[in-house]
Every structure is written in structure tokens, then in C-alpha cells.
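Scroll down for the structure; my scribbles are underneath it.
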Amino acid sequence: MLIKVKVNMPMHPPNADNKQLAPSKLPAGGGDDGPTPANPRRFTSDDPLVADLANKIEARYPGHVVGVNQKIRDARGRIVTDIDIELQNANIQVKSGEGKGLTRQVIKTQAISDKPIIAFGPNLGRHVQRSVARRGALVTTDENLLLEVIKP
Amino acid sequence: MQNIIIITPPHITLNYFAEKLEPYYDVEIVSDDRIVIDDGGMYAAINLDDYITEEYDEAEFNLISGVIKQPTFFLIEFSHFELLKKIIPFCVNHPGFLIDNDHGDIFSGQAFLLKLNQNPRWDWRIACRPPGEQMRIKSKNG
């Protein structure tokens, strides 16, 4: 079961590894006032599910996506893991397949971020879901539920 | 992050993969359970993953154990599919290895490479085993 979590977290600015496109068109008559419902930011990712989900979130809640495929490095600059979609109030780890490897990914993400972690994938296996939930992450295969839960 | 799983006999360690990849890629041994392969902005990591056994159901695990006694699981994470396809031939060209693409199929390493060679544009991420369908191990001979 997924429960709604409202967390007030400090803003995390996008880092240099953030795959993000600037808006291709600015509102007529003005400068860039940031994302708007009529002009949402668009994200790209080698993982099509990540890009698709990030863009749905951004379209629904403009400005809520901090970045996609955020590489997380240790003190020596080595990549420890990455966060598929970072939001203002949560981190989402996405899997298009059955989700094996998610448990490890969740544990690594929990070690480097205080934001709640949500594991999402339309095809997640039962054992994966159970293993991830046991580690304290939220997990769902329901995209609509996810979009509700992450509401700012 | 995207990933696949390589399943090996117990004597295989991360050093096996590091040695296979080092002549061709920038490989860093990050820790006892992780190596990272850097390829100009794309990266992959091979992790010795002890948590994966919790993520298989019993039938799947028994299927694997029927082929490899005391299997060891390596999780290959990758930022770009293109990089995975480049490094995977170095990693799974071994008669005793299995590869789980996490989309419903487990192949012998050589069957996987044969399929990839026959269709270099093969993208298993766009299909997933239908719910209820049993997993089976695909060998070179079908």
C-alpha cells in the first residue's frame, strides 16, 4: 500500500549532470519566468520510461522535477548511484522491467538523501516490491497513484 | 537506473570483469563490490549484489540454481543502452554464465550474445514477460 507523504524539503538545484532541456519557446512578451502549465520543461533520458514519467510530472506540477538521471558521487568523485527522477519532495527510482536491482538502488539512495524514496515500475515483481518496502521505501506499479502521492 | 543481471558460478569475482574490460575501457574499482566503467559521458557499473536473491521468486531461483549451483549475482547498471551493448560481449562470453535481462528472459551468456549479434538493434526493454507466464532459460539451441 502506498501512503501519501508530504515533506517540506529544501530546494535542490539541478547539477551539471542533469539531463534537461530548456524551454524551446518563451512566453510572448516576456522573459523566462520559469515553467508554466502552458510551457512545461521537457526532460530527456536514455531510459524512455524515466523521460516519459518526468515529463508527465512536470506537465502536472510545473517546477516540481529537479532533474533526471542525477548522478550521485562520493567524496572522491566516484559515481555511487543515480537518482532517476529527483523531485522537490522525493526521489523516484524507475524500472521498466521486473525491477531486480531496486533493493540495492534504494539502499544506496537512502544513504545519500533524506528525501523519501519511491520505487516505481509498471511491471515490478512481487518479490521486488516486498524487498523494497521492507527497506522503508514506497513502491507502486500504479502511475496514477504515484502522480497523486508526489503532489507538491 | 537501467540494469541487467549476470549470474555466474561462485568462483567468479568482480576482478574477472575488470580484467576483461580494462584493455578497452576506463575501469575503476570503487569498492569490494563495485566497479565503474567510464566511456566519455556514458557510464556503467558492475555490482556484486547480495540483495538480488530476495527479488527472485522461488520458482525463478530454482530454475537458476538448476543450472548454476550456488549462483553469484552481478548487477550491471548502465546510463546508456548503447554502452551496455558495447561492454556486454566482454562480460558474458563464458559457457557457465546466465544473463537475466529483467524483462522476463534468462539466457545463457552465449545465447544472449548470439541473439544480439543476429540483431544488433534488439531492445529487450520494450517488451516484458506477460504476467503469469513462467520464466525459462534460453540456450543457444533454443
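The way I read the labels, and the way they are meant: chains A, B, ... in the order of the C-alpha cells, residue 1 as the first residue of every chain, and ligand 1 as the first ligand shown, with later ones counted on from there.
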Residues of chain B at most 6 Å from chain A: nearest atom pair and distance in Å, only C-alpha atoms, as a Markdown table:
| residue | atom | partner | partner_atom | distance |
| --- | --- | --- | --- | --- |
| B:Glu55 | CA | A:Val128 | CA | 4.5 |
| B:His80 | CA | A:Asp46 | CA | 5.7 |
| B:Asp102 | CA | A:Gly97 | CA | 5.4 |
| B:His103 | CA | A:Gly97 | CA | 4.9 |
Suppose we keep C-alpha atoms; can you now write the selection as a short mmCIF file (atom, residue, chain, number, x, y, z; two decimals), in the first residue's frame?
data_model
loop_
_atom_site.label_atom_id
_atom_site.label_comp_id
_atom_site.auth_asym_id
_atom_site.auth_seq_id
_atom_site.Cartn_x
_atom_site.Cartn_y
_atom_site.Cartn_z
CA GLU B 55 13.97 -10.26 -5.51
CA HIS B 80 23.08 4.31 -21.83
CA ASP B 102 14.96 -8.21 -16.14
CA HIS B 103 12.27 -8.25 -18.81
#
Range 133-143 of chain A surroundings by only C-alpha atoms, 7 Å radius, close-in-sequence under 5 positions cut, as a CSV table (one decimal) with N, CA and C atoms, in the first residue's frame:
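For reference, out.csv as written:
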chain,number,residue,atom,x,y,z
A,2,LEU,N,0.5,2.2,-0.8
A,2,LEU,CA,1.3,3.5,-0.9
A,2,LEU,C,0.6,4.5,0.0
A,116,PRO,N,12.2,11.1,0.9
A,116,PRO,CA,11.6,9.8,0.7
A,116,PRO,C,11.9,9.2,-0.7
A,117,ILE,N,12.0,7.9,-0.7
A,117,ILE,CA,12.2,7.3,-2.0
A,117,ILE,C,11.0,6.5,-2.4
A,118,ILE,N,10.7,6.7,-3.7
A,118,ILE,CA,9.5,6.0,-4.3
A,118,ILE,C,10.1,5.1,-5.4
A,119,ALA,N,9.8,3.8,-5.3
A,119,ALA,CA,10.2,2.9,-6.4
A,119,ALA,C,9.0,2.7,-7.3
A,120,PHE,N,9.2,2.9,-8.6
A,120,PHE,CA,8.0,2.8,-9.5
A,120,PHE,C,8.4,2.0,-10.7
A,121,GLY,N,7.5,1.1,-11.2
A,121,GLY,CA,7.6,0.4,-12.4
A,121,GLY,C,6.3,-0.3,-12.7
A,122,PRO,N,5.9,-0.2,-13.9
A,122,PRO,CA,4.6,-0.9,-14.2
A,122,PRO,C,4.6,-2.4,-14.1
A,123,ASN,N,5.8,-3.0,-14.2
A,123,ASN,CA,6.0,-4.4,-14.2
A,123,ASN,C,6.7,-5.0,-13.0
A,124,LEU,N,6.8,-4.3,-11.9
A,124,LEU,CA,7.6,-4.7,-10.8
A,124,LEU,C,7.1,-6.1,-10.3
### Task
Please provide as number ranges by chain all residues within 10 Å of range 52-63 of chain A, with the sequence filter that same-chain residues fewer than 2 positions apart are discarded (counting only C-alpha atoms).
A: 34-45, 47-50, 65-68, 84-88, 92, 94, 120, 143, 146-148, 150-152
### Length of the CA of Ala90 in chain A to CA of Ala75 in chain A vector [Å]
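Straight-line distance from CA of Ala90 in chain A to CA of Ala75 in chain A works out to 22.8 Å.
Our summary of the geometry notes that CA of Glu60 in chain B is positioned 22.7 Å from CA of Met1 in chain B.
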### Query
By how many Å are CA of Pro10 in chain B and CA of Ile76 in chain B apart?
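Value for the CA of Pro10 in chain B-CA of Ile76 in chain B distance: 17.1 Å.
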### Task
Just list the residues in range 20-144 of chain A DSSP gives helix (DSSP H, G or I) on the backbone, as a ChimeraX atom specification.
/A:48-60,102-112,126-134,143-144
### Task
Please identify all polymer residues within 8 Å of range 32-35 of chain B, counting only C-alpha atoms, omitting same-chain residues fewer than 5 positions from it, and present them as a ChimeraX atom specification.
/B:14,18,27,45-49
### Spatial neighbours of range 109-118 of chain B, 9 Å, only C-alpha atoms, chain gap at least 5 places, as a list of chain:residue names
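What passes the distance filter is B:Ile6, B:Lys85, B:Ile88, B:Pro89, B:Cys91, B:Val92, B:Asn93, B:His94, B:Pro95, B:Gly96, B:Phe97, B:Leu98, B:Ile99, B:Lys138, B:Ser139, B:Lys140, B:Asn141, B:Gly142.
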What would the file look like if the residues just selected were written as a PDB file, in the first residue's frame with N, CA, C and O atoms?
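To be explicit, this is the file written out as result-v9.pdb:
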ATOM      1  N   ILE B   6      23.935 -10.443 -14.415  1.00  0.00           N
ATOM      2  CA  ILE B   6      24.750 -11.571 -14.849  1.00  0.00           C
ATOM      3  C   ILE B   6      24.850 -12.544 -13.687  1.00  0.00           C
ATOM      4  O   ILE B   6      25.122 -12.141 -12.548  1.00  0.00           O
ATOM      5  N   LYS B  85      25.502  -2.462 -24.599  1.00  0.00           N
ATOM      6  CA  LYS B  85      25.683  -3.365 -25.737  1.00  0.00           C
ATOM      7  C   LYS B  85      27.156  -3.479 -26.121  1.00  0.00           C
ATOM      8  O   LYS B  85      27.594  -4.498 -26.658  1.00  0.00           O
ATOM      9  N   ILE B  88      28.822  -5.678 -22.937  1.00  0.00           N
ATOM     10  CA  ILE B  88      28.287  -6.993 -22.551  1.00  0.00           C
ATOM     11  C   ILE B  88      29.015  -8.175 -23.209  1.00  0.00           C
ATOM     12  O   ILE B  88      29.169  -9.214 -22.566  1.00  0.00           O
ATOM     13  N   PRO B  89      29.482  -8.054 -24.453  1.00  0.00           N
ATOM     14  CA  PRO B  89      30.221  -9.192 -25.011  1.00  0.00           C
ATOM     15  C   PRO B  89      31.462  -9.562 -24.212  1.00  0.00           C
ATOM     16  O   PRO B  89      31.850 -10.739 -24.161  1.00  0.00           O
ATOM     17  N   CYS B  91      31.648  -9.363 -21.047  1.00  0.00           N
ATOM     18  CA  CYS B  91      31.244  -9.810 -19.710  1.00  0.00           C
ATOM     19  C   CYS B  91      30.583 -11.185 -19.686  1.00  0.00           C
ATOM     20  O   CYS B  91      30.651 -11.869 -18.680  1.00  0.00           O
ATOM     21  N   VAL B  92      29.913 -11.568 -20.743  1.00  0.00           N
ATOM     22  CA  VAL B  92      29.099 -12.789 -20.642  1.00  0.00           C
ATOM     23  C   VAL B  92      29.519 -13.892 -21.602  1.00  0.00           C
ATOM     24  O   VAL B  92      28.837 -14.909 -21.701  1.00  0.00           O
ATOM     25  N   ASN B  93      30.628 -13.707 -22.297  1.00  0.00           N
ATOM     26  CA  ASN B  93      31.071 -14.731 -23.243  1.00  0.00           C
ATOM     27  C   ASN B  93      31.779 -15.860 -22.482  1.00  0.00           C
ATOM     28  O   ASN B  93      32.992 -16.036 -22.569  1.00  0.00           O
ATOM     29  N   HIS B  94      30.993 -16.576 -21.715  1.00  0.00           N
ATOM     30  CA  HIS B  94      31.523 -17.634 -20.849  1.00  0.00           C
ATOM     31  C   HIS B  94      30.456 -18.717 -20.806  1.00  0.00           C
ATOM     32  O   HIS B  94      29.281 -18.425 -20.580  1.00  0.00           O
ATOM     33  N   PRO B  95      30.829 -19.974 -21.011  1.00  0.00           N
ATOM     34  CA  PRO B  95      29.804 -21.024 -21.098  1.00  0.00           C
ATOM     35  C   PRO B  95      29.010 -21.228 -19.824  1.00  0.00           C
ATOM     36  O   PRO B  95      27.904 -21.757 -19.859  1.00  0.00           O
ATOM     37  N   GLY B  96      29.558 -20.795 -18.694  1.00  0.00           N
ATOM     38  CA  GLY B  96      28.876 -21.059 -17.429  1.00  0.00           C
ATOM     39  C   GLY B  96      28.002 -19.926 -16.934  1.00  0.00           C
ATOM     40  O   GLY B  96      27.450 -19.998 -15.842  1.00  0.00           O
ATOM     41  N   PHE B  97      27.873 -18.861 -17.716  1.00  0.00           N
ATOM     42  CA  PHE B  97      27.147 -17.680 -17.246  1.00  0.00           C
ATOM     43  C   PHE B  97      25.711 -17.665 -17.750  1.00  0.00           C
ATOM     44  O   PHE B  97      25.404 -18.143 -18.843  1.00  0.00           O
ATOM     45  N   LEU B  98      24.853 -17.021 -16.956  1.00  0.00           N
ATOM     46  CA  LEU B  98      23.494 -16.718 -17.385  1.00  0.00           C
ATOM     47  C   LEU B  98      23.331 -15.200 -17.352  1.00  0.00           C
ATOM     48  O   LEU B  98      24.037 -14.506 -16.613  1.00  0.00           O
ATOM     49  N   ILE B  99      22.384 -14.725 -18.127  1.00  0.00           N
ATOM     50  CA  ILE B  99      22.086 -13.300 -18.088  1.00  0.00           C
ATOM     51  C   ILE B  99      20.574 -13.111 -18.041  1.00  0.00           C
ATOM     52  O   ILE B  99      19.837 -13.689 -18.836  1.00  0.00           O
ATOM     53  N   LYS B 138      16.848 -19.572 -21.770  1.00  0.00           N
ATOM     54  CA  LYS B 138      17.025 -19.745 -23.205  1.00  0.00           C
ATOM     55  C   LYS B 138      18.486 -20.025 -23.502  1.00  0.00           C
ATOM     56  O   LYS B 138      19.375 -19.252 -23.142  1.00  0.00           O
ATOM     57  N   SER B 139      18.721 -21.152 -24.171  1.00  0.00           N
ATOM     58  CA  SER B 139      20.088 -21.521 -24.501  1.00  0.00           C
ATOM     59  C   SER B 139      20.320 -21.264 -25.978  1.00  0.00           C
ATOM     60  O   SER B 139      19.404 -20.895 -26.722  1.00  0.00           O
ATOM     61  N   LYS B 140      21.539 -21.496 -26.400  1.00  0.00           N
ATOM     62  CA  LYS B 140      21.905 -21.264 -27.792  1.00  0.00           C
ATOM     63  C   LYS B 140      21.072 -22.127 -28.733  1.00  0.00           C
ATOM     64  O   LYS B 140      20.797 -21.750 -29.847  1.00  0.00           O
ATOM     65  N   ASN B 141      20.674 -23.275 -28.250  1.00  0.00           N
ATOM     66  CA  ASN B 141      19.938 -24.216 -29.098  1.00  0.00           C
ATOM     67  C   ASN B 141      18.431 -24.045 -29.000  1.00  0.00           C
ATOM     68  O   ASN B 141      17.685 -24.870 -29.513  1.00  0.00           O
ATOM     69  N   GLY B 142      18.001 -22.986 -28.302  1.00  0.00           N
ATOM     70  CA  GLY B 142      16.549 -22.709 -28.250  1.00  0.00           C
ATOM     71  C   GLY B 142      15.892 -23.074 -26.946  1.00  0.00           C
ATOM     72  O   GLY B 142      16.538 -23.299 -25.967  1.00  0.00           O
TER      73      GLY B 142
END
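Among the candidates B:Tyr25, B:Tyr43, B:Phe90, B:Phe81, the one nearest to Asp123 in chain B when counting only C-alpha atoms is B:Phe81.
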List as a PDB file with C-alpha atoms, in the first residue's frame the protein and nucleic acid residues near Asn101 in chain B, meaning an atom at most 7 Å away when only C-alpha atoms are counted, but skip any in the same chain fewer than 5 places from it.
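So out.pdb came out as:
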ATOM      1  CA  ILE B   4      20.606  -6.353 -16.247  1.00  0.00           C
ATOM      2  CA  ILE B   5      21.888  -9.210 -14.139  1.00  0.00           C
ATOM      3  CA  ILE B 106      17.101 -15.512 -18.790  1.00  0.00           C
TER       4      ILE B 106
END
### Message
as a VMD selection string, please: every residue in range 28-121 of chain A that DSSP puts in strand (DSSP E).
### Response
chain A and resid 65 to 73 79 to 87 91 to 94 117 to 120
